[in-house]
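In what follows, a structure is listed as structure tokens, so that the remarks can point back to it.
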Protein chains: 6
Amino acid sequence: MLAHLAVLQLAKCGLMPGRAGAFDTPGVCTALEHRFQVLHSREIMVTNQGVEPMATVRLLTDAELSGDAAAVFADIRAVRNDSYVNDFWRALANDPATLQRTWNSLKAVMAAGGALNPKVKEMLYLAVSIAQGCEYCIHSHTAAARGKGMTSAEHGELLGIVGMAAQTNRLVQALGIEPDVAFRVT
Amino acid sequence: MLAHLAVLQLAKCGLMPGRAGAFDTPGVCTALEHRFQVLHSREIMVTNQGVEPMATVRLLTDAELSGDAAAVFADIRAVRNDSYVNDFWRALANDPATLQRTWNSLKAVMAAGGALNPKVKEMLYLAVSIAQGCEYCIHSHTAAARGKGMTSAEHGELLGIVGMAAQTNRLVQALGIEPDVAFRVT
Amino acid sequence: MLAHLAVLQLAKCGLMPGRAGAFDTPGVCTALEHRFQVLHSREIMVTNQGVEPMATVRLLTDAELSGDAAAVFADIRAVRNDSYVNDFWRALANDPATLQRTWNSLKAVMAAGGALNPKVKEMLYLAVSIAQGCEYCIHSHTAAARGKGMTSAEHGELLGIVGMAAQTNRLVQALGIEPDVAFRVT
Amino acid sequence: MLAHLAVLQLAKCGLMPGRAGAFDTPGVCTALEHRFQVLHSREIMVTNQGVEPMATVRLLTDAELSGDAAAVFADIRAVRNDSYVNDFWRALANDPATLQRTWNSLKAVMAAGGALNPKVKEMLYLAVSIAQGCEYCIHSHTAAARGKGMTSAEHGELLGIVGMAAQTNRLVQALGIEPDVAFRVT
Amino acid sequence: MLAHLAVLQLAKCGLMPGRAGAFDTPGVCTALEHRFQVLHSREIMVTNQGVEPMATVRLLTDAELSGDAAAVFADIRAVRNDSYVNDFWRALANDPATLQRTWNSLKAVMAAGGALNPKVKEMLYLAVSIAQGCEYCIHSHTAAARGKGMTSAEHGELLGIVGMAAQTNRLVQALGIEPDVAFRVT
Amino acid sequence: MLAHLAVLQLAKCGLMPGRAGAFDTPGVCTALEHRFQVLHSREIMVTNQGVEPMATVRLLTDAELSGDAAAVFADIRAVRNDSYVNDFWRALANDPATLQRTWNSLKAVMAAGGALNPKVKEMLYLAVSIAQGCEYCIHSHTAAARGKGMTSAEHGELLGIVGMAAQTNRLVQALGIEPDVAFRVT
């Protein structure tokens with residue numbers, strides 16, 4: 001997360017030429033050397049994963065896809081008209097059945113031509129993702145909503161609503177009140 | 001929740017005339033009598049709260065409002081053009097400062113004339129309330145969204161999106177993946 | 001929820017013969033009469049919904065199902081070998097497309113013959129439902145897990161694990177720590 | 001939840017003497033009779049559970065406790081100096097090991113004599129219960145906090161903080177921002 | 001997150017002088033070169049965002065603030081008596097209305113002089129942030145609570161309570177029990 | 001998180017020899033230099049924390065443990081038959097009482113010899129961790145479940161169940177339905 005610090009410290013300690021001398025706070029280099037030794041002593045560090053994105057499964061490249069998974073990827077690209085397939089699908093591709101089921105459901109739910117327009121749908125998706133605290137989903141659906149036309153003003157209003165709902169949801173729960181009779185479906 | 005059962009059983013056991021004899025399963029009346037005794041032995045039952053809505057604070061009647069709270073209630077009625085004030089506000093009225101702050105914020109966030117129309121705003125509010133699992137809020141904002149024009153078809157699509165987002169949110173988190181570089185704000 | 005109290009109070013106040021005289025706390029009947037008037041004054045009470053289960057949509061009877069929804073119900077009954085269809089599906093039936101998609105996905109995910117046995121699958125479903133705080137789901141999946149053979153001892157261990165995970169999840173988040181390098185997929 | 005309605009409707013329809021004639025909306029009694037038939041047709045209704053509190057396990061009476069569970073109950077009563085044992089423990093008593101472990105941990109965490117006073121501890125417990133949306137816990141810990149001296153003013157401030165935190169938590173997550181370097185532990 | 005690894009691997013592969021030769025596991029450099037190519041092929045990498053903190057909106061510098069936003073920043077600095085404005089506000093500043101409303105509410109809720117002292121208020125804020133799983137908020141409010149006097153012992157007790165509440169919350173929900181009559185407000 | 005970008009940009013700008021010239025997009029180096037100055041101007045950067053894992057408390061080394069904490073670490077190592085102690089415990093070690101209580105409870109709950117086998121227990125733990133959105137816990141318990149024999153097929157089915165439960169949980173809550181009478185414990 002704070003990678004730039006590590007880099008800067010390496011520079012500062014003369015471990016990365018071209019920046020040496022820029023900073024000089026006593027003890028930093030010694031601490032850095034110590035940390036390196038700690039990491040090294042665990043024998044964990046010298047692997048090929050340092051620059052891979054993190055995940056609990058491998059993110060499959062196109063070349064690693066099964067036939068079923070490759071077919072789903074082809075459909076994702078066709079439906080979205082975009083060659084880029086994001087890492088969620090690359091992770092899900094480890095289980096082709098779940099990949100296919102999830103994509104088919106998502107495609108049906110988010111399809112154009114329903115009662116709600118695509119931008120509103122994507123904003124609802126985003127609102128849920130925020131309320132559930134899914135970091136990846138927040139980033140991906142903010143980008144998607146923008147791609148479908150969400151303006152900065154609309155984004156701002158969505159944030160206002162999400163924040164307000166989050167607040168009143170908890171207040172209501174704290175107050176322990178039951179739904180008014182007036183809310184009942186008739 | 002299952003009050004009709006209690007009532008029916010009372011009837012069955014001859015405790016509520018007019019329905020006696022409709023059902024007759026051995027042991028039910030004995031169990032019912034036992035339960036009454038258990039409740040009675042706790043000396044909790046003979047209060048005046050049985051038919052009050054449940055809450056962790058008193059739900060204030062109009063007559064019980066402080067001057068500040070009454071002013072907020074007047075504004076709620078004016079803005080909504082509806083004399084009915086739901087129980088959330090009656091509970092919140094125990095703390096006039098929070099009542100006022102919450103209403104003012106809500107009024108600003110949900111005001112007409114912004115980038116999003118009132119129906120979409122209310123649907124976003126509902127989506128968050130579902131995602132956070134607030135029962136009261138789900139009932140109140142479903143009713144409110146319908147009041148602002150949400151059709152059954154739109155409600156159905158909203159449910160589809162909320163369900164799908166809930167699913168992919170957890171899948172993404174299970175997969176432990178970090179946001180794609182492609183999602184970054186430029 | 002506390003329906004028995006209302007019933008008992010009605011009895012106490014002589015409104016329900018057969019129990020009169022069992023209790024006598026001053027003021028209860030007056031309060032009860034007052035509450036009735038409050039409810040009545042709202043003109044909400046005299047509807048036909050008092051004994052209907054609560055929901056944000058109508059719970060459809062078999063006779064009210066569309067053709068598509070009826071076909072899904074038939075499949076639910078066939079797969080489960082049980083004529084009883086629980087209220088979740090009766091609510092979802094208002095949107096046949098979501099009903100069908102949800103049932104098809106659920107059927108595929110919970111199908112026998114996979115790597116995990118049906119009892120374990122149902123216990124995982126229950127664990128998630130508890131962690132997400134879905135009251136209905138907790139009741140339905142506890143019943144389902146029992147139906148698939150979950151013993152009281154297994155239920156007890158599941159509860160122990162859910163409680164422990166809930167605790168350490170929050171402790172970990174409170175501590176703000178990042179995943180150990182040792183957990184990375186290789 | 002809305003038991004009073006059922007009771008009132010029974011009264012209205014002449015099924016509960018003493019209230020007959022108080023209300024008269026066409027169709028209500030017919031609907032009520034219909035609902036009774038629906039419930040009856042499911043052959044579910046005629047059990048002894050209508051007046052039992054709801055739970056996924058039996059709430060054990062003192063007489064039903066195992067020896068180990070009875071010992072825990074005795075300790076709960078001694079520590080709290082109160083003969084009343086609430087339903088959480090009666091449910092947990094089905095698994096004496098979890099009952100004991102949970103009580104022991106709770107007793108240690110909430111013990112007097114630490115850095116925080118008992119009222120503040122209980123208010124923190126309540127705040128978490130609200131944030132996690134646990135209805136029972138909110139009711140029990142609101143009662144407990146009041147029992148330990150929480151005033152209405154303090155309760156009001158707690159609600160204000162919970163609501164504000166809920167709001168900013170979601171705003172922060174929506175904004176997708178990483179912790180400032182300035183927050184790091186030094 | 002694991003930036004030091006990338007740096008070390010670069011060093012190991014001779015891409016960062018001064019550390020070359022420190023480690024040598026076969027295949028690492030090849031994997032690293034491959035990863036670089038993968039990233040490069042996406043044409044995403046060569047932007048100016050690599051060292052910017054992540055967010056779904058731009059984090060505004062003081063120079064980029066609107067007049068309204070600048071006024072809020074001035075008030076934040078004055079109230080906190082600290083020139084540092086953390087990134088939450090820099091993100092929120094994209095929507096001056098939400099910035100102002102949020103800050104005003106927060107200021108009112110957290111103001112000194114109420115029934116609860118500032119340290120307890122901040123600890124309640126922290127407890128909610130943990131329970132809702134907001135990483136940024138946990139870091140910021142842990143820092144803030146320390147700044148208002150929270151000791152390590154108090155922090156430890158807070159963690160114990162949060163963990164215990166998280167556990168019993170889920171146990172209660174798993175048990176599906178309704179609030180005891182004894183908890184009702186009288 | 002995106003540390004490789006920082007590294008690559010440093011390279012591109014000639015700040016990290018051996019990669020210079022690989023990329024050249026106008027303005028990147030200038031932006032990078034600017035960012036360095038921003039960070040520097042905050043006087044935060046030149047500390048010894050850049051390469052430390054992030055946390056709200058210090059992660060204690062073995063040498064820093066109190067006697068009580070050291071005893072718990074010894075037991076963790078003995079029970080797991082593994083010298084590696086993950087960072088959760090190193091963070092918790094700041095409060096030896098919570099460390100001990102948490103470890104003792106976890107050990108009891110996850111102990112072999114119960115009704116459920118260790119692999120199933122770990123998978124339940126993982127399912128809860130996903131449902132609660134605890135990133136660290138998801139990584140650690142995915143690794144632990146694999147260590148106890150969870151296959152990729154089992155992991156895939158677990159993900160399918162978690163996703164499906166997440167979806168139906170929210171649908172049920174959105175529909176606002178109460179548990180069927182049929183689910184009641186008899």
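Residue numbering restarts at 1 in every chain; chains get A, B, ... in the order shown in the structure tokens, and ligands count up from 1 in that same order.
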
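With only C-alpha atoms taken into account, the protein and nucleic acid residues at most 9 Å from B:Leu158 (excluding it and anything under 4 positions from it in its own chain) are Leu116, Lys121, Leu124 and Tyr125 of chain A; Met123, Ala127, Ala153, Glu154, Val162 and Gly163 of chain B.
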
*Neighbours of chain F in chain C at 7 Å, counting only C-alpha atoms, as a VMD selection string*: chain C and resid 53 to 57 86 to 88 91 106 109 115 to 116 124 to 125 127 to 129 131 to 132 134 136 to 137 139 to 140 143 153 to 154 160 to 162 164 to 165 169 172 to 173 175 to 180 183

*Would you list the contacts of A:Asp62 as an NGL selection string, taking every protein, DNA or RNA residue within 9 Å and counting only C-alpha atoms, but skipping same-chain residues closer than 2 positions in sequence?*
:A and (60 or 64-65 or 70 or 73 or 90)
